[in-house]
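Asks: Please read through the structure below; I'll follow up with questions.
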Amino acid sequence: MTWDTKLIEKANEIIELYPQKRSALGPLLYLAQEKEGYIDDDSVVEISKLIGITEVQVRSVASFYTMYKQEPTGQYLLSVCKSISCEINNSRELINNIKEFTGLANNETDEDKTFTFEEVECIGACGGAPAVQVNYETVEGVTPTKALELCKYLKEEVPKVIVADELQEKFGGVKSFDWGIEDNSGTSSTAPGFQIIGTAEEK
Amino acid sequence: MSENIKFTVDGKELEGQSGELLIEACEKSGIHIPRFCWHKRLEPVGMCRMCLVEVETPRGKALVPSCTTEITEDLVVDTESEIVTKAQEGILEFLLINHPLDCPVCDKAGECPLQDQTMAYGPGESRFVEEKRHFEKPIPISEVILLDRERCILCARCTRFSDEISGDPLIEFIQRGNKTEVNTFPNEPFRSYFSGNTVQICPVGALTSTSYRFKARPWDLKKVSSTCNCCSVGCSIELNTSQNKMLRILGEDNEFTNQGWLSDKGRYNFDFLHSENRVLNILNKSEDSFNEISIAEATVKIKDKINELDNPNIKFLIGSHSTNEEYFVINEVANYLNKDKFLSRDSSNVYFSDDLLFNGYFDDEYSKAKLEDLDSSETIVVWCEDIKDNLPILYLRIKKAVKNGAKLIVFGHTNTAIAGLADFYFGKGIVSNKFDLIVNPSEIEDLKNNTQGKKVTVIAGKSTVFQKKESLDKLINYLNESSELKVFNSFSKGNTFGALQNIDEVKGLNEFCNEFDNDAKNIVFTVGVNPVNSSHFAQPIKEILISSDFVVSMDLFINETTELADLILPTTSLGEKEGTITNMEMRVMKQNKILPAPGSTLSEWEYLTAILNILGGDVQYRNENEINSFLVKEYKDQQQVATFDNLNKPSNLFGVINRKEININTKDLHEDTFSLLMVRRLYGDSSTQINSPSISMLGAERFIELNSETAKKFGIKSQFGNLVQGSNSILINIDINEFLPDGLVVAPINRRGFENVDPSKEFEITEAKNREELSVN
Ligand code: SF4
Ligand code: SF4
Ligand code: FES
Ligand code: FES
């Protein structure tokens, strides 16, 4: 869908922050993602007009970074770390369990749009490996069995809001350090940073 | 200033310039380092790692990419060590992991850097047994280009070209890692005037052109260097033929002109050579149809006609596709018929078919510009017809100069396509809708600040047939007085400068129409020209040709002009004739022959000498070379004349700059009211383009441009409409262009549908609701 005047206004405020318009590309993609849950073609067209680069240049950046989603994700995005610390702490079994439970392969979304499953590189929680994120809320020290329970919980309880601490308590184990970011805006800059699929606000 | 640097490669001491890249410095000294992504006209990116070499560092030897490493004093490099060899083998093995085994069906095979370098530097064996990556094979990314993503090795040459060089980045890398592919955005094809260059520089067969696909194997091709005649830049090209068919045209890297690049028009406008519509025999009109006659019959017919009409007016309408040698002979024939012996008139009556021809700035008081002057100019000033459409490679040269720091000043209203590049765009408020300068140039602060006392190159020409020369004079003379000025006369069509140099006096189409005397007996020769199409004077010329007593046309096709002729003499074209052409710098370059003349076609000079001889003249040219030896006598610099021998020397394929007297005699149009600005687009409805199937569709779109204020005035909200003038109604796309001043509507002159539009008459624009309505009609 095309952008309404309010969104365009917001976009222009962001563009103002940069000496060159095209530098605003990253934050504007967050706007698009916040709006639709993924980077749709219409938003790409809007952004290309706003910052004066071609559509395919916008798409090039949007498709390079994996956290800009190319397609709508399910209600719960499960990002499971497959990098080395988690790997040596048995993330393989955990991954297999989740795959089996959800019936999804890497980067797939199920039909009723509940889960999207993705294998990701190190999410910086090596101290609490293996680590899993649900809508980018990190849970650490997850065992293969706990992972299954986590999935079941999400599927059956369908929690509206995902909060890392709660999940950690229910399904986590060893934790590296306290993750809670007090500031909900995602970054400390005035430009919008990465937003967690609309659930962080309630934390 | 760059200084000399000494460095060592493979034990040999070499010299280079500071700032030079290692790969380039080695190349100059004859050491070839394999590469895929590096290209000397593009910014280095270090994408492919094929160019790894070992250099000595304080921490021991290290592998570095030679395409991103600058040489430094005493650098010690090894390009053939065991480690380097291992790296090269490794890189190739990686590249081939996902590379399909397509060579037997791949256009690139035989001239493929991946094939060649795998042979030279590869491991010889693959250890990869897994399934390769698959993509749909080939996808069209524009009307002329196909992309096979499986073959792509992600060197970023194509994407860099479209971003850095041509400035239309419509292709990019999409996705990442193993999934990375080159692609376009959905519904936004790679429509670029320069897209064919990406096919030429792609180091594999990932990008192919529709016109050459599956046509030939490189080892079957016959090749010859030549010069493109699509516009007056005169790009160096290589003609590739097989079995007497032109199959491909490639750009050659001529430092002074095109630097390797070509416009797609120059590259793909050749299928017409083998079109079944081409006229291959002399056609004589009797009643309303044409019948074939021999050259002997034809010349007799011309002679009889001239005698029968008893002292007729004889006029020559000439075009821009003849060679210098042909213009020389045209001049001789015209002089013979009109001045010398036959008719004793005081003028030779040669008219050059370009609406925008004007007297130009050729006097000694104006220094003439060369393309390389653009690079050393502090400021470039442009006021002429649309450069991107009419002199596409000049556009690339300007873009390059601007990238390297030159200031660009553009005057309205035709060059809106480069307005985005410009530091200053002087549109409304400075240039009136009738193309007068409203403001005195010395009062334009930004102009003054950027030109006064500076090195300036101006590209000057009429933007429209209605523009008064006076208005251009104001600007050029101001610049000539206040800056170190060099001038390009922007005559964009093919070999215009060859015509100007070789014909004693050149007049324009306006003069042709005005000087025509309906009461007298009239004979008109048209030589490779179709002014009844795509000209402001189309209608009057058509009437003149109809009312003339005898019309002889030399051309390739039956078109709007030749169909009015009494006699059609079919001629030769690119690759079928030899000769020299002169570009906008007055650089004389060679066109070479590689194809036989088809059917009973002859070159223009052959017809003309035959005609001259039957009328009693005694010239006996046996070939173009002989003509050339006569015409070079008039060049100003006799040390450096452009003879065939001279030009065909490898050292001189760049051409020779040389000048002759130029005598143009044109007057401004009387009327100066026009409502519609008609401009020439790169693609259109020329008989060569519509008879070249691989690009004929590119000139199909009908569109107009106006600014949103003007659109409002016409009450247009949608992108589709009708241009209505009297009973004539054309369905059009409507493009909003805010660089245009209020009230000015721009339409293409060389597109089907616009033939009967009269820019001096009122018109209406009405809305069409949608595209469907657009196509129904
Ligand atoms: S690109 Fe080269 S190596 Fe690849 S299939 Fe074509 S010819 Fe063979
Ligand atoms: S398509 Fe060709 S030029 Fe473009 S990135 Fe791939 S290999 Fe390089
Ligand atoms: S390796 Fe899994 S969080 Fe770092
Ligand atoms: S040529 Fe140097 S990295 Fe590709």
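Letters for chains follow the order of the structure tokens (A, B, ...), residue numbers begin at 1 for each chain, and ligand numbers begin at 1 in the order shown.
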Within 8 Å of chain B, which residues of chain A show up when using only C-alpha atoms, listed as a VMD selection string?
Replies: chain A and resid 54 to 57 59 to 61 63 to 65
Asks: Assign secondary structure with DSSP using the backbone only, and return the residues of segment 1-190 of chain A in alpha helix (DSSP H) as a PyMOL selection string.
Replies: chain A and resi 5-16+25-36+41-51+55-64+84-88+91-102+144-157+164-171
Asks: Need to verify the contact set: Glu470 of chain B, 12 Å, only C-alpha atoms, exclusion of same-chain residues closer than 2 positions in sequence. Can you return it as a PDB file with N, CA and C atoms, in the first residue's frame?
Replies:
```
ATOM      1  N   PHE B 358      22.383  25.578 -38.348  1.00  0.00           N
ATOM      2  CA  PHE B 358      22.458  27.045 -38.335  1.00  0.00           C
ATOM      3  C   PHE B 358      23.893  27.427 -38.663  1.00  0.00           C
ATOM      4  N   ASN B 359      24.181  28.702 -38.719  1.00  0.00           N
ATOM      5  CA  ASN B 359      25.491  29.093 -39.249  1.00  0.00           C
ATOM      6  C   ASN B 359      26.665  28.696 -38.365  1.00  0.00           C
ATOM      7  N   GLY B 360      26.401  28.421 -37.105  1.00  0.00           N
ATOM      8  CA  GLY B 360      27.447  27.844 -36.265  1.00  0.00           C
ATOM      9  C   GLY B 360      28.550  28.815 -35.895  1.00  0.00           C
ATOM     10  N   PHE B 435      12.571  30.275 -26.548  1.00  0.00           N
ATOM     11  CA  PHE B 435      14.025  30.078 -26.544  1.00  0.00           C
ATOM     12  C   PHE B 435      14.813  31.374 -26.783  1.00  0.00           C
ATOM     13  N   ASP B 436      14.281  32.473 -26.264  1.00  0.00           N
ATOM     14  CA  ASP B 436      15.074  33.697 -26.188  1.00  0.00           C
ATOM     15  C   ASP B 436      15.690  33.752 -24.812  1.00  0.00           C
ATOM     16  N   LEU B 437      16.859  34.395 -24.730  1.00  0.00           N
ATOM     17  CA  LEU B 437      17.407  34.671 -23.403  1.00  0.00           C
ATOM     18  C   LEU B 437      16.677  35.891 -22.865  1.00  0.00           C
ATOM     19  N   GLY B 461      23.970  24.986 -29.825  1.00  0.00           N
ATOM     20  CA  GLY B 461      23.244  24.694 -31.048  1.00  0.00           C
ATOM     21  C   GLY B 461      21.805  25.097 -30.860  1.00  0.00           C
ATOM     22  N   LYS B 462      21.066  25.033 -31.940  1.00  0.00           N
ATOM     23  CA  LYS B 462      19.659  25.375 -31.812  1.00  0.00           C
ATOM     24  C   LYS B 462      18.925  24.258 -31.076  1.00  0.00           C
ATOM     25  N   PHE B 466      12.733  26.734 -34.247  1.00  0.00           N
ATOM     26  CA  PHE B 466      12.201  28.085 -34.086  1.00  0.00           C
ATOM     27  C   PHE B 466      13.168  29.028 -33.387  1.00  0.00           C
ATOM     28  N   GLN B 467      14.187  28.482 -32.761  1.00  0.00           N
ATOM     29  CA  GLN B 467      15.082  29.350 -31.996  1.00  0.00           C
ATOM     30  C   GLN B 467      15.847  30.295 -32.921  1.00  0.00           C
ATOM     31  N   LYS B 468      15.990  31.535 -32.472  1.00  0.00           N
ATOM     32  CA  LYS B 468      16.741  32.524 -33.258  1.00  0.00           C
ATOM     33  C   LYS B 468      18.226  32.415 -32.916  1.00  0.00           C
ATOM     34  N   LEU B 472      21.319  32.648 -29.200  1.00  0.00           N
ATOM     35  CA  LEU B 472      22.525  31.865 -28.905  1.00  0.00           C
ATOM     36  C   LEU B 472      23.752  32.763 -28.923  1.00  0.00           C
ATOM     37  N   ASP B 473      23.789  33.664 -29.920  1.00  0.00           N
ATOM     38  CA  ASP B 473      24.928  34.582 -30.040  1.00  0.00           C
ATOM     39  C   ASP B 473      25.169  35.321 -28.735  1.00  0.00           C
ATOM     40  N   LYS B 474      24.082  35.774 -28.139  1.00  0.00           N
ATOM     41  CA  LYS B 474      24.211  36.543 -26.901  1.00  0.00           C
ATOM     42  C   LYS B 474      25.020  35.773 -25.867  1.00  0.00           C
ATOM     43  N   LEU B 475      24.671  34.502 -25.715  1.00  0.00           N
ATOM     44  CA  LEU B 475      25.350  33.687 -24.710  1.00  0.00           C
ATOM     45  C   LEU B 475      26.787  33.380 -25.131  1.00  0.00           C
ATOM     46  N   ILE B 476      26.945  32.934 -26.368  1.00  0.00           N
ATOM     47  CA  ILE B 476      28.271  32.481 -26.802  1.00  0.00           C
ATOM     48  C   ILE B 476      29.251  33.650 -26.823  1.00  0.00           C
ATOM     49  N   ASN B 477      28.789  34.787 -27.318  1.00  0.00           N
ATOM     50  CA  ASN B 477      29.706  35.915 -27.372  1.00  0.00           C
ATOM     51  C   ASN B 477      30.066  36.420 -25.985  1.00  0.00           C
ATOM     52  N   LYS B 667      19.181  30.780 -42.711  1.00  0.00           N
ATOM     53  CA  LYS B 667      18.499  31.902 -42.054  1.00  0.00           C
ATOM     54  C   LYS B 667      17.497  31.359 -41.051  1.00  0.00           C
ATOM     55  N   ASP B 668      17.210  32.183 -40.032  1.00  0.00           N
ATOM     56  CA  ASP B 668      16.196  31.774 -39.065  1.00  0.00           C
ATOM     57  C   ASP B 668      14.826  31.704 -39.737  1.00  0.00           C
TER      58      ASP B 668
END
```
Asks: Return as JSON lines the residues of chain B lying at most 12 Å from ligand 4, together with the closest atom-to-atom pair for each and the distance in Å to one decimal, counting only C-alpha atoms and all ligand atoms, with rows in chain order and ascending residue number.
Replies:
```
{"residue": "B:Leu21", "atom": "CA", "partner": "ligand 4", "partner_atom_place_in_ligand_line": "2 (Fe)", "distance": 10.2}
{"residue": "B:Leu22", "atom": "CA", "partner": "ligand 4", "partner_atom_place_in_ligand_line": "2 (Fe)", "distance": 9.9}
{"residue": "B:Ile23", "atom": "CA", "partner": "ligand 4", "partner_atom_place_in_ligand_line": "2 (Fe)", "distance": 7.9}
{"residue": "B:Glu24", "atom": "CA", "partner": "ligand 4", "partner_atom_place_in_ligand_line": "1 (S)", "distance": 10.6}
{"residue": "B:His32", "atom": "CA", "partner": "ligand 4", "partner_atom_place_in_ligand_line": "1 (S)", "distance": 11.5}
{"residue": "B:Ile33", "atom": "CA", "partner": "ligand 4", "partner_atom_place_in_ligand_line": "1 (S)", "distance": 8.5}
{"residue": "B:Pro34", "atom": "CA", "partner": "ligand 4", "partner_atom_place_in_ligand_line": "1 (S)", "distance": 7.1}
{"residue": "B:Arg35", "atom": "CA", "partner": "ligand 4", "partner_atom_place_in_ligand_line": "1 (S)", "distance": 3.9}
{"residue": "B:Phe36", "atom": "CA", "partner": "ligand 4", "partner_atom_place_in_ligand_line": "1 (S)", "distance": 5.0}
{"residue": "B:Cys37", "atom": "CA", "partner": "ligand 4", "partner_atom_place_in_ligand_line": "4 (Fe)", "distance": 4.0}
{"residue": "B:Trp38", "atom": "CA", "partner": "ligand 4", "partner_atom_place_in_ligand_line": "1 (S)", "distance": 4.2}
{"residue": "B:His39", "atom": "CA", "partner": "ligand 4", "partner_atom_place_in_ligand_line": "1 (S)", "distance": 7.8}
{"residue": "B:Lys40", "atom": "CA", "partner": "ligand 4", "partner_atom_place_in_ligand_line": "1 (S)", "distance": 10.3}
{"residue": "B:Leu42", "atom": "CA", "partner": "ligand 4", "partner_atom_place_in_ligand_line": "1 (S)", "distance": 11.3}
{"residue": "B:Glu43", "atom": "CA", "partner": "ligand 4", "partner_atom_place_in_ligand_line": "1 (S)", "distance": 11.0}
{"residue": "B:Pro44", "atom": "CA", "partner": "ligand 4", "partner_atom_place_in_ligand_line": "2 (Fe)", "distance": 7.4}
{"residue": "B:Val45", "atom": "CA", "partner": "ligand 4", "partner_atom_place_in_ligand_line": "3 (S)", "distance": 6.6}
{"residue": "B:Gly46", "atom": "CA", "partner": "ligand 4", "partner_atom_place_in_ligand_line": "3 (S)", "distance": 3.3}
{"residue": "B:Met47", "atom": "CA", "partner": "ligand 4", "partner_atom_place_in_ligand_line": "3 (S)", "distance": 4.6}
{"residue": "B:Cys48", "atom": "CA", "partner": "ligand 4", "partner_atom_place_in_ligand_line": "4 (Fe)", "distance": 3.8}
{"residue": "B:Arg49", "atom": "CA", "partner": "ligand 4", "partner_atom_place_in_ligand_line": "3 (S)", "distance": 3.6}
{"residue": "B:Met50", "atom": "CA", "partner": "ligand 4", "partner_atom_place_in_ligand_line": "4 (Fe)", "distance": 5.3}
{"residue": "B:Cys51", "atom": "CA", "partner": "ligand 4", "partner_atom_place_in_ligand_line": "2 (Fe)", "distance": 4.4}
{"residue": "B:Leu52", "atom": "CA", "partner": "ligand 4", "partner_atom_place_in_ligand_line": "2 (Fe)", "distance": 6.7}
{"residue": "B:Val53", "atom": "CA", "partner": "ligand 4", "partner_atom_place_in_ligand_line": "2 (Fe)", "distance": 9.6}
{"residue": "B:Leu63", "atom": "CA", "partner": "ligand 4", "partner_atom_place_in_ligand_line": "3 (S)", "distance": 11.5}
{"residue": "B:Val64", "atom": "CA", "partner": "ligand 4", "partner_atom_place_in_ligand_line": "2 (Fe)", "distance": 8.8}
{"residue": "B:Pro65", "atom": "CA", "partner": "ligand 4", "partner_atom_place_in_ligand_line": "2 (Fe)", "distance": 5.0}
{"residue": "B:Ser66", "atom": "CA", "partner": "ligand 4", "partner_atom_place_in_ligand_line": "2 (Fe)", "distance": 5.8}
{"residue": "B:Cys67", "atom": "CA", "partner": "ligand 4", "partner_atom_place_in_ligand_line": "2 (Fe)", "distance": 4.2}
{"residue": "B:Thr68", "atom": "CA", "partner": "ligand 4", "partner_atom_place_in_ligand_line": "2 (Fe)", "distance": 6.6}
{"residue": "B:Thr69", "atom": "CA", "partner": "ligand 4", "partner_atom_place_in_ligand_line": "2 (Fe)", "distance": 9.0}
{"residue": "B:Glu70", "atom": "CA", "partner": "ligand 4", "partner_atom_place_in_ligand_line": "2 (Fe)", "distance": 12.0}
{"residue": "B:Ala87", "atom": "CA", "partner": "ligand 4", "partner_atom_place_in_ligand_line": "3 (S)", "distance": 11.9}
{"residue": "B:Gln88", "atom": "CA", "partner": "ligand 4", "partner_atom_place_in_ligand_line": "3 (S)", "distance": 11.1}
{"residue": "B:Ile91", "atom": "CA", "partner": "ligand 4", "partner_atom_place_in_ligand_line": "3 (S)", "distance": 10.2}
{"residue": "B:Leu92", "atom": "CA", "partner": "ligand 4", "partner_atom_place_in_ligand_line": "4 (Fe)", "distance": 11.7}
{"residue": "B:Leu95", "atom": "CA", "partner": "ligand 4", "partner_atom_place_in_ligand_line": "4 (Fe)", "distance": 11.7}
{"residue": "B:Pro113", "atom": "CA", "partner": "ligand 4", "partner_atom_place_in_ligand_line": "1 (S)", "distance": 11.7}
{"residue": "B:Ile153", "atom": "CA", "partner": "ligand 4", "partner_atom_place_in_ligand_line": "4 (Fe)", "distance": 10.4}
{"residue": "B:Leu154", "atom": "CA", "partner": "ligand 4", "partner_atom_place_in_ligand_line": "4 (Fe)", "distance": 9.8}
{"residue": "B:Cys155", "atom": "CA", "partner": "ligand 4", "partner_atom_place_in_ligand_line": "4 (Fe)", "distance": 6.9}
{"residue": "B:Ala156", "atom": "CA", "partner": "ligand 4", "partner_atom_place_in_ligand_line": "4 (Fe)", "distance": 9.4}
{"residue": "B:Arg157", "atom": "CA", "partner": "ligand 4", "partner_atom_place_in_ligand_line": "4 (Fe)", "distance": 9.8}
{"residue": "B:Pro203", "atom": "CA", "partner": "ligand 4", "partner_atom_place_in_ligand_line": "4 (Fe)", "distance": 10.8}
```
Asks: Name the residues, by chain letter and number, that sit within 12 Å of ligand 3 using only C-alpha atoms and all ligand atoms, and give them as a PyMOL selection string.
Replies: chain A and resi 79-92+95+119-133+138-142+175-176
Asks: Could you write those residues out with C-alpha atoms, as a PDB file, in the first residue's frame?
Replies:
```pdb
ATOM      1  CA  SER A  79      15.197 -17.128  15.076  1.00  0.00           C
ATOM      2  CA  VAL A  80      17.448 -19.910  16.190  1.00  0.00           C
ATOM      3  CA  CYS A  81      21.165 -19.426  16.400  1.00  0.00           C
ATOM      4  CA  LYS A  82      23.251 -21.872  14.407  1.00  0.00           C
ATOM      5  CA  SER A  83      26.650 -20.326  15.031  1.00  0.00           C
ATOM      6  CA  ILE A  84      29.531 -21.891  16.805  1.00  0.00           C
ATOM      7  CA  SER A  85      28.870 -21.427  20.537  1.00  0.00           C
ATOM      8  CA  CYS A  86      25.324 -22.638  20.171  1.00  0.00           C
ATOM      9  CA  GLU A  87      26.393 -25.410  17.844  1.00  0.00           C
ATOM     10  CA  ILE A  88      28.760 -26.881  20.436  1.00  0.00           C
ATOM     11  CA  ASN A  89      25.996 -26.628  22.985  1.00  0.00           C
ATOM     12  CA  ASN A  90      23.731 -28.848  20.930  1.00  0.00           C
ATOM     13  CA  SER A  91      21.703 -26.316  18.977  1.00  0.00           C
ATOM     14  CA  ARG A  92      21.400 -28.846  16.162  1.00  0.00           C
ATOM     15  CA  ILE A  95      16.789 -26.787  15.666  1.00  0.00           C
ATOM     16  CA  GLU A 119      18.318 -20.167  11.323  1.00  0.00           C
ATOM     17  CA  VAL A 120      20.505 -17.188  12.088  1.00  0.00           C
ATOM     18  CA  GLU A 121      24.127 -16.405  12.719  1.00  0.00           C
ATOM     19  CA  CYS A 122      25.351 -15.509  16.197  1.00  0.00           C
ATOM     20  CA  ILE A 123      22.893 -13.310  18.024  1.00  0.00           C
ATOM     21  CA  GLY A 124      25.416 -12.242  20.620  1.00  0.00           C
ATOM     22  CA  ALA A 125      24.182 -14.478  23.386  1.00  0.00           C
ATOM     23  CA  CYS A 126      27.046 -16.942  23.283  1.00  0.00           C
ATOM     24  CA  GLY A 127      27.370 -16.799  27.067  1.00  0.00           C
ATOM     25  CA  GLY A 128      23.926 -18.373  27.298  1.00  0.00           C
ATOM     26  CA  ALA A 129      24.150 -20.664  24.303  1.00  0.00           C
ATOM     27  CA  PRO A 130      22.112 -22.151  22.799  1.00  0.00           C
ATOM     28  CA  ALA A 131      19.915 -19.129  22.198  1.00  0.00           C
ATOM     29  CA  VAL A 132      16.588 -18.593  20.499  1.00  0.00           C
ATOM     30  CA  GLN A 133      14.700 -15.424  19.678  1.00  0.00           C
ATOM     31  CA  THR A 138      16.096 -13.434  23.291  1.00  0.00           C
ATOM     32  CA  VAL A 139      15.812 -16.586  25.371  1.00  0.00           C
ATOM     33  CA  GLU A 140      19.027 -18.243  26.476  1.00  0.00           C
ATOM     34  CA  GLY A 141      20.106 -21.621  27.697  1.00  0.00           C
ATOM     35  CA  VAL A 142      17.297 -23.339  25.885  1.00  0.00           C
ATOM     36  CA  LYS A 175      21.736 -16.515  30.963  1.00  0.00           C
ATOM     37  CA  SER A 176      24.709 -14.406  29.824  1.00  0.00           C
TER      38      SER A 176
END
```
Asks: Counting only C-alpha atoms and all ligand atoms, what residues are within 8 Å of ligand 1, given as a PyMOL selection string?
Replies: chain B and resi 99-115+151-152+203-206
Asks: As a ChimeraX atom specification, please: the residues near Cys231 of chain B (cut-off 10 Å, only C-alpha atoms, same-chain neighbours under 4 positions excluded).
Replies: /B:235,263,265-266,320-321,389-394,491-496,583-584,682
Asks: Can you write out the residues you just picked, keeping N, CA and C atoms, as a PDB file, in the first residue's frame?
Replies:
```pdb
ATOM      1  N   CYS B 235      31.781   7.162 -32.713  1.00  0.00           N
ATOM      2  CA  CYS B 235      32.382   6.172 -31.815  1.00  0.00           C
ATOM      3  C   CYS B 235      33.143   5.114 -32.615  1.00  0.00           C
ATOM      4  N   SER B 263      26.109   3.728 -27.574  1.00  0.00           N
ATOM      5  CA  SER B 263      24.684   3.761 -27.252  1.00  0.00           C
ATOM      6  C   SER B 263      24.053   2.524 -27.876  1.00  0.00           C
ATOM      7  N   LYS B 265      21.591   2.400 -29.705  1.00  0.00           N
ATOM      8  CA  LYS B 265      21.245   2.708 -31.101  1.00  0.00           C
ATOM      9  C   LYS B 265      22.434   2.361 -32.001  1.00  0.00           C
ATOM     10  N   GLY B 266      23.601   2.834 -31.623  1.00  0.00           N
ATOM     11  CA  GLY B 266      24.793   2.545 -32.423  1.00  0.00           C
ATOM     12  C   GLY B 266      25.110   1.067 -32.449  1.00  0.00           C
ATOM     13  N   SER B 320      23.011  12.744 -43.538  1.00  0.00           N
ATOM     14  CA  SER B 320      24.201  12.723 -42.686  1.00  0.00           C
ATOM     15  C   SER B 320      24.916  11.385 -42.722  1.00  0.00           C
ATOM     16  N   HIS B 321      24.491  10.477 -43.625  1.00  0.00           N
ATOM     17  CA  HIS B 321      25.088   9.143 -43.579  1.00  0.00           C
ATOM     18  C   HIS B 321      26.070   8.875 -44.701  1.00  0.00           C
ATOM     19  N   ASP B 389      19.635  12.200 -25.950  1.00  0.00           N
ATOM     20  CA  ASP B 389      18.961  11.507 -27.038  1.00  0.00           C
ATOM     21  C   ASP B 389      19.688  11.619 -28.366  1.00  0.00           C
ATOM     22  N   ASN B 390      20.410  12.712 -28.554  1.00  0.00           N
ATOM     23  CA  ASN B 390      20.967  12.943 -29.886  1.00  0.00           C
ATOM     24  C   ASN B 390      22.476  12.759 -29.979  1.00  0.00           C
ATOM     25  N   LEU B 391      23.159  12.883 -28.845  1.00  0.00           N
ATOM     26  CA  LEU B 391      24.606  12.668 -28.825  1.00  0.00           C
ATOM     27  C   LEU B 391      24.928  11.837 -27.586  1.00  0.00           C
ATOM     28  N   PRO B 392      24.392  10.617 -27.546  1.00  0.00           N
ATOM     29  CA  PRO B 392      24.428   9.871 -26.284  1.00  0.00           C
ATOM     30  C   PRO B 392      25.816   9.703 -25.669  1.00  0.00           C
ATOM     31  N   ILE B 393      26.819   9.512 -26.489  1.00  0.00           N
ATOM     32  CA  ILE B 393      28.146   9.293 -25.903  1.00  0.00           C
ATOM     33  C   ILE B 393      28.742  10.618 -25.421  1.00  0.00           C
ATOM     34  N   LEU B 394      28.345  11.710 -26.033  1.00  0.00           N
ATOM     35  CA  LEU B 394      28.750  13.020 -25.500  1.00  0.00           C
ATOM     36  C   LEU B 394      28.162  13.183 -24.096  1.00  0.00           C
ATOM     37  N   PHE B 491      25.926  19.929 -33.913  1.00  0.00           N
ATOM     38  CA  PHE B 491      25.182  19.308 -35.013  1.00  0.00           C
ATOM     39  C   PHE B 491      25.277  17.826 -34.752  1.00  0.00           C
ATOM     40  N   SER B 492      24.149  17.250 -34.419  1.00  0.00           N
ATOM     41  CA  SER B 492      24.233  15.916 -33.845  1.00  0.00           C
ATOM     42  C   SER B 492      24.212  14.794 -34.871  1.00  0.00           C
ATOM     43  N   LYS B 493      23.754  15.091 -36.076  1.00  0.00           N
ATOM     44  CA  LYS B 493      23.513  13.980 -36.988  1.00  0.00           C
ATOM     45  C   LYS B 493      24.797  13.452 -37.629  1.00  0.00           C
ATOM     46  N   GLY B 494      24.936  12.157 -37.580  1.00  0.00           N
ATOM     47  CA  GLY B 494      25.999  11.405 -38.243  1.00  0.00           C
ATOM     48  C   GLY B 494      27.190  12.214 -38.711  1.00  0.00           C
ATOM     49  N   ASN B 495      27.413  12.180 -39.995  1.00  0.00           N
ATOM     50  CA  ASN B 495      28.603  12.821 -40.562  1.00  0.00           C
ATOM     51  C   ASN B 495      28.327  14.258 -41.003  1.00  0.00           C
ATOM     52  N   THR B 496      27.588  15.025 -40.200  1.00  0.00           N
ATOM     53  CA  THR B 496      27.305  16.415 -40.562  1.00  0.00           C
ATOM     54  C   THR B 496      28.586  17.175 -40.882  1.00  0.00           C
ATOM     55  N   ASN B 583      34.008  13.786 -37.227  1.00  0.00           N
ATOM     56  CA  ASN B 583      33.103  13.935 -36.091  1.00  0.00           C
ATOM     57  C   ASN B 583      33.044  15.381 -35.614  1.00  0.00           C
ATOM     58  N   MET B 584      32.355  15.599 -34.496  1.00  0.00           N
ATOM     59  CA  MET B 584      32.105  16.969 -34.045  1.00  0.00           C
ATOM     60  C   MET B 584      33.372  17.685 -33.583  1.00  0.00           C
ATOM     61  N   LEU B 682      16.149   9.498 -29.358  1.00  0.00           N
ATOM     62  CA  LEU B 682      17.148   8.542 -29.829  1.00  0.00           C
ATOM     63  C   LEU B 682      16.506   7.483 -30.713  1.00  0.00           C
TER      64      LEU B 682
END
```
Asks: List the spatial neighbours of Ser442 of chain B as an NGL selection string - criterion: any atom at most 10 Å away, only C-alpha atoms, same-chain residues fewer than 5 positions off excluded.
Replies: :B and (447-449 or 452 or 474-475 or 478-479 or 482)
Asks: With only C-alpha atoms and all ligand atoms as the atoms that count, which of B:Val619, B:Leu147, B:Thr118, B:Pro58 lies nearest to ligand 2?
Replies: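 Result for the nearest residue to ligand 2: B:Leu147.
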Asks: When DSSP is applied to the backbone of this structure, which of segment 11-171 of chain A are assigned strand (DSSP E)? Write them out as number ranges by chain.
Replies: A: 76-81, 108-109, 115-120, 132-134, 137-139
Asks: Residues near Lys69 of chain A, anyone? I mean within 7 Å using only C-alpha atoms, not counting same-chain ones fewer than 3 positions away, as a list in words.
Replies: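 Skipping anything fewer than 3 positions along the chain leaves Tyr38, Ile39, Thr66 and Pro72 of chain A.
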Asks: Residues at most 9 Å from Ser166 of chain B, counting only C-alpha atoms, excluding those fewer than 5 positions away in the same chain, as a count of residues only?
Replies: 8
